[in-house]
Amino acid sequence: MRVTVFGAGAIGGYLAAKLAAAGTVDLSVVARGAHLEAIKADGLRLIEGESEIAAPVRAAARAEELGVQDYVVLALKAHSLAPALDQIAPLLGPETAVVTMQNGVPWWYFHKAGGALEGTRIQAVDPGGTIWQRIGPQRVIGSVVYPAAEVDAPGLIRHVEGTRFSLGEPSGEKSERVTALAREMVKAGLQAPVREDIRSEIWIKLWGNLSFNPISALTGSTLAAIVADEGTRTLARAMMLEAQAIGESLGVRFPIPVDKRIKGAGDVGEHKTSMLQDLERGRPMEIDALVSAVQELGRLTGKPTPAIDSVLALVRRLAIERGYYAPL
């Protein structure tokens with residue numbers, strides 16, 4: 001099985017290191033700069049708990065050096081995907097599966113979703129349907145990423161917590177290609193459940209990201225602080241209820257009540273969301289995949305989104321002023 005991880009940062013690097021260490025797939029990564037040079041020189045190093053491994057990995061800056069793959073794992077952020085399409089293209093053959101590991105509403109959401117919106121392109125994450133046309137939704141295996149990891153130094157990934165990467169076909173079928181990939185991931189010591197309804201799981205993660213990420217960026221607050229404050233907790237709850245109404249109109253099942261989901265976020269403690277971390281580090285913020293796309297789905301389904309609209313306007317303005325907004 002030929003597998004390339006495109007975007008070997010924290011999550012992509014963690015996945016690649018685990019697969020490479022297991023040694024049961026032909027694993028490659030596409031990386032750049034000092035990260036690439038470190039991987040070439042010393043392998044992809046991974047710290048888990050008290051142990052450190054160095055996994056030999058085929059690494060390249062240009063995908064054409066690697067050739068056509070059986071699976072391409074896209075582990076870069078949503079706003080980085082469209083600019084990378086030319087680089088991704090040489091990896092794709094007629095039977096290549098593409099595993100999408102971006103947060104937020106995926107560009108392929110309405111592929112084999114059924115209903116009146118079947119085939120709809122979501123402009124917030126795929127303007128003009130360019131990704132849909134270039135990659136092709138028929139290639140997609142959806143994924144929801146739960147591990148936390150960090151790049152400590154070029155070529156060095158530190159695993160923080162979590163080992164689960166949920167997988168699922170947009171159609172809901174348990175195809176051979178998704179079950180084969182799950183088997184290899186399990187061999188590598190990861191959890192890789194194959195879901196019949198990957199969209200509902202995407203929404204459960206999105207539910208928190210949609211609200212807590214922009215509020216944290218606007219306030220500089222941790223999850224615990226947002227939940228402890230009545231005003232910000234109420235605002236997050238309003239955004240989540242708007243999102244829930246949209247999701248349920250699309251057939252999504254929310255297995256836990258909103259207040260339990262909020263409590264779970266607070267229990268994480270003094271944690272800075274990824275959007276706040278990006279703001280503090282001067283990196284583009286994942287606004288469109290996490291927030292703008294949900295607003296667009298509200299328009300498509302006729303569901304009002306006043307709280308989402310207000311927070312989106314503020315966080316987008318902040319990102320533009322700081323130069324950290326990356327419109328697709």
# chains A, B, ... in the order shown; residues from 1 in each chain; ligands from 1
>>> residues_around(residues="Val144 (chain A)", least_positions_apart="3", cutoff="7 Å", atoms="only C-alpha atoms", output="PyMOL selection string")
chain A and resi 101+165-167+202
>>> residues_around(residues="Glu280 (chain A)", least_positions_apart="4", cutoff="12 Å", atoms="only C-alpha atoms", output="PyMOL selection string")
chain A and resi 216-221+272-276+284-285+319+322+324
>>> write_last_selection(atoms="C-alpha atoms", output="PDB file, in the first residue's frame")
ATOM      1  CA  SER A 216     -11.245  32.608  22.283  1.00  0.00           C
ATOM      2  CA  ALA A 217      -9.504  34.536  19.499  1.00  0.00           C
ATOM      3  CA  LEU A 218     -11.605  37.627  20.206  1.00  0.00           C
ATOM      4  CA  THR A 219     -11.115  37.507  23.978  1.00  0.00           C
ATOM      5  CA  GLY A 220      -7.763  35.801  24.462  1.00  0.00           C
ATOM      6  CA  SER A 221      -9.499  33.366  26.820  1.00  0.00           C
ATOM      7  CA  LYS A 272      -5.963  27.780  24.192  1.00  0.00           C
ATOM      8  CA  THR A 273      -7.920  26.916  21.055  1.00  0.00           C
ATOM      9  CA  SER A 274      -6.108  26.449  17.761  1.00  0.00           C
ATOM     10  CA  MET A 275      -7.501  29.742  16.432  1.00  0.00           C
ATOM     11  CA  LEU A 276      -6.166  31.663  19.421  1.00  0.00           C
ATOM     12  CA  PRO A 284      -3.571  32.399   9.071  1.00  0.00           C
ATOM     13  CA  MET A 285      -6.718  31.577  11.027  1.00  0.00           C
ATOM     14  CA  ALA A 319      -7.913  38.620  11.324  1.00  0.00           C
ATOM     15  CA  ARG A 322      -3.741  41.617  11.844  1.00  0.00           C
ATOM     16  CA  TYR A 324      -3.956  36.699   9.385  1.00  0.00           C
TER      17      TYR A 324
END
>>> residues_around(residues="His111 (chain A)", least_positions_apart="2", cutoff="8 Å", atoms="only C-alpha atoms", output="list in words")
Trp108, Tyr109, Ala113, Gly114, Glu118, Gly119, Thr120, Pro137, Gln138, Pro170 and Ser171 of chain A
>>> select_by_dssp(residues="region 3-165 of chain A", states="helix (DSSP H, G or I)", output="ChimeraX atom specification")
/A:10-22,33-42,63-65,78-80,82-91,127-135,137-139
>>> atom_distance(atom1="CA of Val99 (chain A)", atom2="CA of Arg2 (chain A)")
13.2 Å
>>> select_by_dssp(residues="region 43-241 of chain A", states="strand (DSSP E)", output="VMD selection string")
chain A and resid 44 to 48 51 to 55 58 to 60 71 to 74 97 to 100 140 to 145 148 to 153 156 to 161 165 to 168
>>> residues_around(residues="Pro147 (chain A)", least_positions_apart="6", cutoff="9 Å", atoms="only C-alpha atoms", output="count of residues only")
9
>>> residues_around(residues="Trp132 (chain A)", least_positions_apart="3", cutoff="8 Å", atoms="only C-alpha atoms", output="PyMOL selection string")
chain A and resi 107-108+121+126+129+135-137
>>> write_last_selection(atoms="N, CA, C and O atoms", output="mmCIF file, in the first residue's frame")
data_model
loop_
_atom_site.group_PDB
_atom_site.id
_atom_site.type_symbol
_atom_site.label_atom_id
_atom_site.label_comp_id
_atom_site.auth_asym_id
_atom_site.auth_seq_id
_atom_site.Cartn_x
_atom_site.Cartn_y
_atom_site.Cartn_z
ATOM 1 N N TRP A 107 -15.144 20.357 1.968
ATOM 2 C CA TRP A 107 -15.574 20.796 0.641
ATOM 3 C C TRP A 107 -16.466 19.773 -0.055
ATOM 4 O O TRP A 107 -17.268 20.114 -0.902
ATOM 5 N N TRP A 108 -16.348 18.505 0.331
ATOM 6 C CA TRP A 108 -17.106 17.436 -0.322
ATOM 7 C C TRP A 108 -18.428 17.141 0.386
ATOM 8 O O TRP A 108 -19.093 16.150 0.057
ATOM 9 N N ARG A 121 -21.763 22.742 -4.071
ATOM 10 C CA ARG A 121 -20.412 23.160 -3.690
ATOM 11 C C ARG A 121 -20.524 24.247 -2.632
ATOM 12 O O ARG A 121 -21.295 25.196 -2.803
ATOM 13 N N ASP A 126 -14.721 26.133 -0.817
ATOM 14 C CA ASP A 126 -14.325 25.717 -2.168
ATOM 15 C C ASP A 126 -14.910 26.678 -3.200
ATOM 16 O O ASP A 126 -15.818 26.317 -3.954
ATOM 17 N N GLY A 129 -15.961 25.790 -6.788
ATOM 18 C CA GLY A 129 -15.892 24.338 -6.899
ATOM 19 C C GLY A 129 -14.572 23.822 -7.434
ATOM 20 O O GLY A 129 -14.493 22.708 -7.966
ATOM 21 N N ILE A 135 -9.750 17.540 -7.427
ATOM 22 C CA ILE A 135 -9.506 16.295 -6.690
ATOM 23 C C ILE A 135 -10.576 15.265 -7.015
ATOM 24 O O ILE A 135 -10.269 14.091 -7.249
ATOM 25 N N GLY A 136 -11.817 15.701 -7.023
ATOM 26 C CA GLY A 136 -12.926 14.786 -7.296
ATOM 27 C C GLY A 136 -13.474 14.181 -6.024
ATOM 28 O O GLY A 136 -12.735 13.504 -5.291
ATOM 29 N N PRO A 137 -14.742 14.432 -5.701
ATOM 30 C CA PRO A 137 -15.292 13.927 -4.442
ATOM 31 C C PRO A 137 -15.364 12.410 -4.381
ATOM 32 O O PRO A 137 -15.409 11.835 -3.296
#
>>> residues_around(residues="Leu206 (chain A)", least_positions_apart="5", cutoff="10 Å", atoms="only C-alpha atoms", output="ChimeraX atom specification")
/A:103-105,144,200-201,211-213,240,243,289-291,294
>>> closest_residue(among="A:Arg316, A:Arg237, A:Arg261, A:Arg139", to="Val72 (chain A)", atoms="only C-alpha atoms")
A:Arg139
